[in-house]
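Trainee: Shown below is the structure under consideration.
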Amino acid sequence: MTPVSGERARHLIYALLGLGTAAGLLIHVRQPVVVTPPTRSLRDSIQALPRNKLVILSIGWDVGTRGENGPQTEALIEDFFRSKIKFAIFSFASPPGPTMAEQIADRLARKHHKTYGEDWVNWGYRTGGVPMLMGLAKNIPRIVPQDLYHTPISKIPVMRGIRDVHDIAMVIEITGSASLDPWVGFWQGVYGTKLGYAPTGVMVPEAFPYLHAGQITGLQKGLVGAAEYERLVGVRGDATRRMTALSYDHVLVIALIILGNWLAIRAARRRQEPEGQAP
Amino acid sequence: MTPFYVIAIGALCTLGIYSILYRENPVFRFFEHVFIGVAAGYGFYFIITNVLHPLWWTPLVREGKWYWAFPFLIGAMFYLIYSRRLVWMARLVMVSFMGLFAGSQFKGFITGYVPWIRSSFQPVLGPKPPYVQFTNLAMFITLITVMSYFFFSISHKNRTVTGSARVGRWLLMLAFGAIFGSTVMGRMALFIDRVAFLLFDFLRLPR
Amino acid sequence: MWAPVHGWSLLGYVAASVAAWVALFYILHRLPLRHKRILIAACTFLAGLFYTLEFFLPAHSRWLFFWGKHENPLSPLVGPLGDAVSVIYGFTIALGIISLASVHGKAIARRRSGWHNSVAFFAALVSMIVFGLWQSYVPDDPHRATWIFRASTVHRIYDVLFDGMYQPLGATVFSVLAFYIASAAYRAFRVRSGEAALMMAAAVVMMLSQVPVGQWLTHTLHGPWANLRVEVVANWLLTTLSSSALTGVGLGIAVGGLAMALRIWLGLERGSFFEAGGPK
């Protein structure tokens, strides 16, 4: 087999990736996803939460990682609505995050007949990093005097009685960046607040030291984690529907690694053979 | 429900960016600059409406808390970085905030990383199943050998340290392989999202 | 003195605050360079001392805090400080915009190659700011007129900018990496040593464990052999060896970060950024 030249090989690979992914999305192959312990642990800890406290859904993702964090957010909000868990959307790492999460919450709220202000609230985005989070733990209404729609927090029913960190049942960080550390260092480590984590695939291995140390109660591992969570919740959402395409992409990458190495080994052997001898 | 013209513009932007895959071209450059513009503009207006207006303007003007003028003055000092004569004032403010952040790191380290150390030293002997004992031992050995690989202040001439560092490097390769495997999933997921947008939202194909 | 004021009194208090601030820094500006360096180091140290003391001092102590309720006096200040820092950081948003505007403005002024892209940048920037602010303060109402547009038109234009341009462009820019990973898998990932082979083996196990087709490959293993299923092996790899290795790396980074924080706090860092003088 003759290796294809550089530019053509590149375009061929791109075409294989693009067309194969499209085919994977259009051809419905029901493939059950195996639920792994970290995802199950996250769901169990969410289900065990007291219903009279609020959960903070911390949106650390931006438009760039919407492909992974979007389905994760959707799976979690779906679970919150089904389990009647009240939550607050918040971000300190991504300005558009709360707006994008609100679009997801709005869509699911119509499906579950939920009302903004009574079943969830959107605190919007706050700058200030660690000092702001430390202040938020002491006095939530001071740091968040109004919601994303400029409504005073005191007028929002779901915020009644929510004053500080002790009124928060859990924080779940959904992120494509290193925005878990402040929650671990200044909320979980200081007040013992339960933490959940839903990172993008790139950050999954780095999340396991937190899991092992007991700093997070569970973990949604990227898009696959979202699919596992959807299976636990009992829905067939975007994450589950994309598993066929994801399978194809992974198999393609493995095949390309093997092919590339095989061709390189063959080329190296040809260079080593003395001239004049047939290959 | 998003109007179709919005989706169509989104599809145009998507395909414009993907044109880079063929080769460098003016269409990609145009959309790249548009992206930087809307991203910068979004951050700017959003912080005005969601941070400065509720947290600064309202307390200062509506509630009469005059001392909120001082955060404005401190924030304004950051812009003195553009003045050669007054740049030291900008540095004063920036480095002070770095000091503020640095001071919080002691708490962050103790509350964030000491549990890691504690959880890494689990008993390898005792009334635990053999599998658990083996796992605890493997984790302990992994941690020690990986850290010995990074101890550049100790000479690696000693055979024990060299051997330990080599084992640590091998174990690090396992971790990097796991990171690579996860990264592939992450990147592919982002691409799948774009293809799903083009197929189901733009072309209106059945899901 | 700290009570809220309104009307002309508010204006007076704000003007006096600004005047006092300007006067203070006018005096400080006249200090010699050496004193400015000391001032910067002192402010850095005091700023860092706040959180350090707030953490290390006990929350309650009769002999240390012998007044009032014997509570750490710094703890009540954490909230207001967080509030103030949030606002101060908000004011810095224009720094990046000024930098970008400077680069693209010069490109247009000097008619550099591709200057029309810089025009597109400014058009996108100004549109997003104008329509973003406009729609934030005007309700979405087809019957309400605001200046040259109806309120609903303003919201529709904003939707085009945010949902039609910002989100797709941002998502697409990051998704291009998928193609580069696939291309690199074919051209760059060479297994040339035992370590590389180990890394690739771990990567392949991880990739197969993440997708149903990989899980299907070993789904027939039962009983004690079920521990060799690809998702079980991958989970073990992530929770034991990988987790410990990355704990080691993370601790190294954390200790390094702590050392850096200490250097900054104590003013031991050198370099033009940390010194009061102008650019060298």
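Lettering and numbering for the structure tokens are positional, with chains as A, B, ... in the shown order, residues counted from 1 in each chain, and ligands counted from 1 in the shown order.
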Could you give me, as a Markdown table, every chain A residue with an atom at most 8 Å from chain B, plus its closest atom pair and distance in Å to one decimal, counting only C-alpha atoms, rows ordered by chain then number?

Mentor:
| residue | atom | partner | partner_atom | distance |
| --- | --- | --- | --- | --- |
| A:His11 | CA | B:Tyr22 | CA | 7.2 |
| A:Tyr14 | CA | B:Leu21 | CA | 7.8 |
| A:Gly18 | CA | B:Val195 | CA | 8.0 |
| A:Thr21 | CA | B:Ile192 | CA | 6.6 |
| A:Ala22 | CA | B:Val195 | CA | 6.3 |
| A:Leu25 | CA | B:Ala196 | CA | 7.0 |
| A:Leu26 | CA | B:Arg207 | CA | 6.9 |
| A:Gly64 | CA | B:Leu190 | CA | 7.9 |
| A:Thr65 | CA | B:Leu190 | CA | 6.4 |
| A:Arg66 | CA | B:Leu190 | CA | 7.1 |
| A:Gly67 | CA | B:Leu190 | CA | 4.3 |
| A:Glu68 | CA | B:Ala189 | CA | 5.8 |
| A:Pro95 | CA | B:Gly43 | CA | 6.3 |
| A:Pro96 | CA | B:Gly43 | CA | 7.9 |
| A:Gly124 | CA | B:Asn50 | CA | 7.0 |
| A:Tyr125 | CA | B:Asn50 | CA | 6.6 |
| A:Arg126 | CA | B:Val51 | CA | 6.1 |
| A:Thr127 | CA | B:Val51 | CA | 7.2 |
| A:Val130 | CA | B:Phe101 | CA | 7.5 |
| A:Pro131 | CA | B:Phe101 | CA | 7.8 |
| A:Ile143 | CA | B:Leu55 | CA | 7.7 |
| A:Pro145 | CA | B:Pro54 | CA | 7.0 |
| A:Gln146 | CA | B:Pro54 | CA | 6.9 |
| A:Leu148 | CA | B:Asn50 | CA | 7.0 |
| A:His150 | CA | B:Pro54 | CA | 7.8 |
| A:Asp181 | CA | B:Gly112 | CA | 7.4 |
| A:Pro182 | CA | B:Gly108 | CA | 7.4 |
| A:Val184 | CA | B:Gly112 | CA | 5.7 |
| A:Gly185 | CA | B:Gly108 | CA | 4.4 |
| A:Phe186 | CA | B:Gly108 | CA | 6.4 |
| A:Gly189 | CA | B:Thr111 | CA | 4.6 |
| A:Val190 | CA | B:Thr111 | CA | 6.6 |
| A:Thr200 | CA | B:Gly186 | CA | 5.9 |
| A:Gly201 | CA | B:Gly186 | CA | 4.2 |
| A:Val202 | CA | B:Thr183 | CA | 4.2 |
| A:Met203 | CA | B:Ile179 | CA | 7.5 |
| A:Val204 | CA | B:Ser182 | CA | 6.7 |
| A:Pro205 | CA | B:Ile179 | CA | 5.9 |
| A:Pro209 | CA | B:Trp116 | CA | 6.8 |
| A:Tyr210 | CA | B:Trp116 | CA | 7.3 |
| A:His212 | CA | B:Ser119 | CA | 6.8 |
| A:Ala213 | CA | B:Ser119 | CA | 5.2 |
| A:Gln215 | CA | B:Pro115 | CA | 7.9 |
| A:Gly222 | CA | B:Gly186 | CA | 6.6 |
| A:Leu223 | CA | B:Ala189 | CA | 6.6 |
| A:Arg242 | CA | B:Ile192 | CA | 7.2 |
| A:Ala245 | CA | B:Ile192 | CA | 7.1 |
| A:Leu246 | CA | B:Met188 | CA | 6.8 |
| A:Asp249 | CA | B:Met188 | CA | 6.8 |
| A:His250 | CA | B:Met185 | CA | 7.3 |

Trainee: Write out, as a PDB file, in the first residue's frame, the residues just selected, with C-alpha atoms.

Mentor:
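As written to disk, selection-v9.pdb reads:
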ATOM      1  CA  HIS A  11      -7.883  16.120   3.140  1.00  0.00           C
ATOM      2  CA  TYR A  14     -10.759  15.247   7.129  1.00  0.00           C
ATOM      3  CA  GLY A  18     -16.593  14.629   8.512  1.00  0.00           C
ATOM      4  CA  THR A  21     -19.462  11.617  11.838  1.00  0.00           C
ATOM      5  CA  ALA A  22     -22.450  12.773   9.804  1.00  0.00           C
ATOM      6  CA  LEU A  25     -25.497  10.934  13.609  1.00  0.00           C
ATOM      7  CA  LEU A  26     -27.986   9.985  10.916  1.00  0.00           C
ATOM      8  CA  GLY A  64     -16.082  26.702  22.761  1.00  0.00           C
ATOM      9  CA  THR A  65     -16.925  23.637  24.854  1.00  0.00           C
ATOM     10  CA  ARG A  66     -20.679  23.742  24.384  1.00  0.00           C
ATOM     11  CA  GLY A  67     -20.539  20.451  22.477  1.00  0.00           C
ATOM     12  CA  GLU A  68     -19.581  18.573  25.633  1.00  0.00           C
ATOM     13  CA  PRO A  95     -19.703  35.483  31.009  1.00  0.00           C
ATOM     14  CA  PRO A  96     -21.939  33.795  28.401  1.00  0.00           C
ATOM     15  CA  GLY A 124     -25.771  35.374  36.223  1.00  0.00           C
ATOM     16  CA  TYR A 125     -22.060  36.043  36.098  1.00  0.00           C
ATOM     17  CA  ARG A 126     -19.795  37.617  38.708  1.00  0.00           C
ATOM     18  CA  THR A 127     -16.175  38.702  38.420  1.00  0.00           C
ATOM     19  CA  VAL A 130     -11.522  33.661  44.830  1.00  0.00           C
ATOM     20  CA  PRO A 131     -12.292  36.801  46.908  1.00  0.00           C
ATOM     21  CA  ILE A 143     -22.783  39.263  45.982  1.00  0.00           C
ATOM     22  CA  PRO A 145     -28.360  41.323  44.580  1.00  0.00           C
ATOM     23  CA  GLN A 146     -30.256  40.631  41.355  1.00  0.00           C
ATOM     24  CA  LEU A 148     -29.796  37.582  35.198  1.00  0.00           C
ATOM     25  CA  HIS A 150     -32.242  42.315  36.797  1.00  0.00           C
ATOM     26  CA  ASP A 181     -10.119  24.565  42.420  1.00  0.00           C
ATOM     27  CA  PRO A 182     -11.686  27.667  44.026  1.00  0.00           C
ATOM     28  CA  VAL A 184     -12.587  22.931  46.502  1.00  0.00           C
ATOM     29  CA  GLY A 185     -10.279  25.289  48.323  1.00  0.00           C
ATOM     30  CA  PHE A 186     -12.766  27.841  49.633  1.00  0.00           C
ATOM     31  CA  GLY A 189     -12.454  22.491  52.176  1.00  0.00           C
ATOM     32  CA  VAL A 190     -13.711  25.190  54.543  1.00  0.00           C
ATOM     33  CA  THR A 200     -14.782  18.142  29.479  1.00  0.00           C
ATOM     34  CA  GLY A 201     -12.917  15.046  28.333  1.00  0.00           C
ATOM     35  CA  VAL A 202      -9.531  16.769  28.446  1.00  0.00           C
ATOM     36  CA  MET A 203      -9.792  17.282  32.198  1.00  0.00           C
ATOM     37  CA  VAL A 204     -11.303  13.940  33.211  1.00  0.00           C
ATOM     38  CA  PRO A 205      -8.091  12.143  34.340  1.00  0.00           C
ATOM     39  CA  PRO A 209      -7.371  12.864  42.511  1.00  0.00           C
ATOM     40  CA  TYR A 210     -10.263  15.031  43.751  1.00  0.00           C
ATOM     41  CA  HIS A 212     -10.077   9.842  45.444  1.00  0.00           C
ATOM     42  CA  ALA A 213      -9.560  12.467  48.156  1.00  0.00           C
ATOM     43  CA  GLN A 215     -13.415  16.352  47.652  1.00  0.00           C
ATOM     44  CA  GLY A 222     -17.366  14.515  29.364  1.00  0.00           C
ATOM     45  CA  LEU A 223     -19.910  13.580  26.715  1.00  0.00           C
ATOM     46  CA  ARG A 242     -24.210  11.091  19.681  1.00  0.00           C
ATOM     47  CA  ALA A 245     -20.800   9.124  15.941  1.00  0.00           C
ATOM     48  CA  LEU A 246     -18.384   9.201  18.882  1.00  0.00           C
ATOM     49  CA  ASP A 249     -14.573   8.873  15.555  1.00  0.00           C
ATOM     50  CA  HIS A 250     -12.682   6.902  18.199  1.00  0.00           C
TER      51      HIS A 250
END

Trainee: Can you pull out every residue within 12 Å of segment 133-137 of chain B, counting only C-alpha atoms, but drop anything in the same chain fewer than 3 positions away, and send it as a PyMOL selection string?

Mentor: (chain A and resi 212) or (chain B and resi 119-130+140-144) or (chain C and resi 236-237+239-241+243-244)

Trainee: Please identify all residues of chain C having at least one atom at most 6 Å from any atom of chain B, considering only C-alpha atoms, and return them as a ChimeraX atom specification.

Mentor: /C:4-6,14,40,43-44,47-48,51-52,88,91,117,120-121,124-125,128-129,133,160,164-165,168-169,172,175,178,195,199-200,202-203,206-207,240-242,244-245,248,261,265,276

Trainee: For the selection you just gave me, I'd like the residues written to a file as a compact mmCIF listing (two decimals), in the first residue's frame, keeping N, CA and C atoms.

Mentor:
# COMPACT_ATOMS: atom_id res chain seq x y z
N PRO C 4 -25.68 56.49 53.95
CA PRO C 4 -26.00 56.85 52.57
C PRO C 4 -26.46 58.30 52.46
N VAL C 5 -26.13 58.93 51.35
CA VAL C 5 -26.55 60.30 51.08
C VAL C 5 -27.15 60.34 49.68
N HIS C 6 -27.90 61.38 49.41
CA HIS C 6 -28.54 61.48 48.10
C HIS C 6 -28.43 62.89 47.56
N VAL C 14 -18.84 62.24 46.55
CA VAL C 14 -18.09 61.56 45.48
C VAL C 14 -16.97 62.46 44.98
N ILE C 40 5.01 49.87 46.94
CA ILE C 40 4.43 48.75 46.20
C ILE C 40 4.59 47.46 47.00
N CYS C 43 2.20 47.55 50.06
CA CYS C 43 0.79 47.32 49.68
C CYS C 43 0.57 45.85 49.33
N THR C 44 1.53 45.26 48.63
CA THR C 44 1.40 43.84 48.28
C THR C 44 1.36 42.99 49.55
N ALA C 47 -1.94 43.52 51.46
CA ALA C 47 -3.06 42.88 50.76
C ALA C 47 -3.05 41.37 51.01
N GLY C 48 -1.86 40.76 50.93
CA GLY C 48 -1.77 39.32 51.17
C GLY C 48 -1.98 38.97 52.62
N TYR C 51 -5.90 37.93 53.90
CA TYR C 51 -6.43 36.56 53.84
C TYR C 51 -5.60 35.59 54.65
N THR C 52 -4.29 35.86 54.74
CA THR C 52 -3.43 34.97 55.52
C THR C 52 -3.83 35.00 56.98
N ILE C 88 -14.15 45.88 41.16
CA ILE C 88 -12.88 46.39 40.64
C ILE C 88 -12.44 45.57 39.42
N PHE C 91 -14.22 46.60 36.31
CA PHE C 91 -13.74 47.81 35.65
C PHE C 91 -12.58 47.55 34.70
N ASN C 117 -10.53 43.17 7.33
CA ASN C 117 -10.93 42.27 8.42
C ASN C 117 -10.99 43.03 9.74
N ALA C 120 -14.21 44.67 9.91
CA ALA C 120 -15.22 43.69 10.34
C ALA C 120 -15.16 43.49 11.85
N PHE C 121 -13.95 43.48 12.40
CA PHE C 121 -13.80 43.34 13.86
C PHE C 121 -14.50 44.48 14.58
N ALA C 124 -18.29 44.25 14.32
CA ALA C 124 -18.83 43.22 15.21
C ALA C 124 -18.78 43.69 16.66
N LEU C 125 -17.67 44.30 17.05
CA LEU C 125 -17.49 44.76 18.43
C LEU C 125 -18.54 45.80 18.80
N MET C 128 -22.20 44.41 18.85
CA MET C 128 -22.49 43.59 20.02
C MET C 128 -22.66 44.47 21.26
N ILE C 129 -21.80 45.47 21.43
CA ILE C 129 -21.91 46.33 22.60
C ILE C 129 -23.21 47.13 22.55
N LEU C 133 -26.28 46.16 25.08
CA LEU C 133 -26.74 47.09 26.10
C LEU C 133 -28.20 47.48 25.86
N VAL C 160 -29.38 37.52 16.50
CA VAL C 160 -28.49 37.20 15.37
C VAL C 160 -27.04 37.25 15.82
N GLY C 164 -26.72 33.58 16.44
CA GLY C 164 -26.36 33.33 15.04
C GLY C 164 -24.88 33.46 14.75
N MET C 165 -24.16 34.23 15.57
CA MET C 165 -22.74 34.44 15.25
C MET C 165 -21.82 34.00 16.39
N PRO C 168 -22.13 29.93 17.31
CA PRO C 168 -21.58 29.05 16.26
C PRO C 168 -20.10 29.27 16.00
N LEU C 169 -19.68 30.55 15.96
CA LEU C 169 -18.27 30.82 15.68
C LEU C 169 -17.38 30.25 16.78
N THR C 172 -17.33 26.44 16.68
CA THR C 172 -16.63 25.91 15.49
C THR C 172 -15.13 26.07 15.61
N SER C 175 -13.92 23.32 17.62
CA SER C 175 -14.16 21.99 17.05
C SER C 175 -13.16 21.65 15.95
N ALA C 178 -10.59 18.83 16.37
CA ALA C 178 -10.86 17.42 16.12
C ALA C 178 -10.16 16.94 14.85
N GLU C 195 8.15 3.35 26.32
CA GLU C 195 7.30 4.31 27.03
C GLU C 195 6.17 4.81 26.13
N MET C 199 2.16 4.44 26.61
CA MET C 199 1.25 5.58 26.53
C MET C 199 0.13 5.31 25.51
N MET C 200 0.51 4.77 24.36
CA MET C 200 -0.49 4.48 23.34
C MET C 200 -1.45 3.39 23.79
N ALA C 202 -2.36 2.72 26.83
CA ALA C 202 -3.29 3.34 27.79
C ALA C 202 -4.31 4.19 27.04
N ALA C 203 -3.86 4.92 26.02
CA ALA C 203 -4.77 5.78 25.26
C ALA C 203 -5.81 4.94 24.53
N MET C 206 -8.35 3.63 26.97
CA MET C 206 -9.25 4.73 27.35
C MET C 206 -10.26 5.03 26.26
N MET C 207 -9.78 5.13 25.03
CA MET C 207 -10.68 5.47 23.92
C MET C 207 -11.74 4.39 23.72
N THR C 240 -6.65 4.52 39.93
CA THR C 240 -5.46 4.16 40.72
C THR C 240 -4.20 4.78 40.12
N LEU C 241 -3.65 4.16 39.10
CA LEU C 241 -2.35 4.60 38.59
C LEU C 241 -2.37 6.04 38.07
N SER C 242 -3.33 6.33 37.19
CA SER C 242 -3.39 7.68 36.62
C SER C 242 -3.66 8.72 37.71
N SER C 244 -2.96 8.57 40.91
CA SER C 244 -1.79 8.79 41.76
C SER C 244 -0.72 9.58 41.03
N ALA C 245 -0.51 9.23 39.75
CA ALA C 245 0.51 9.96 38.98
C ALA C 245 0.14 11.44 38.88
N GLY C 248 0.70 13.26 42.06
CA GLY C 248 2.10 13.66 42.19
C GLY C 248 2.39 14.93 41.40
N ALA C 261 3.48 32.15 45.21
CA ALA C 261 2.60 33.05 45.96
C ALA C 261 3.37 33.70 47.11
N TRP C 265 4.00 37.62 47.62
CA TRP C 265 3.49 38.24 48.84
C TRP C 265 4.61 38.96 49.60
N ALA C 276 8.74 49.81 40.58
CA ALA C 276 7.99 51.04 40.36
C ALA C 276 8.48 51.82 39.16

Trainee: May I ask for the distance between atom CA of Leu259 of chain A and atom CA of Tyr186 of chain C, given in Å to one decimal place?

Mentor: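 Atom-to-atom, atom CA of Leu259 of chain A to atom CA of Tyr186 of chain C, that is 6.8 Å.
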
Trainee: Return as a count of residues only the full set of residues in segment 12-151 of chain C whose backbone-based DSSP assignment is alpha helix (DSSP H).

Mentor: 97

Trainee: One decimal, Å: what's the distance from atom CA of Leu11 of chain C over to atom CA of His29 of chain C, could you say?

Mentor: 26.5 Å
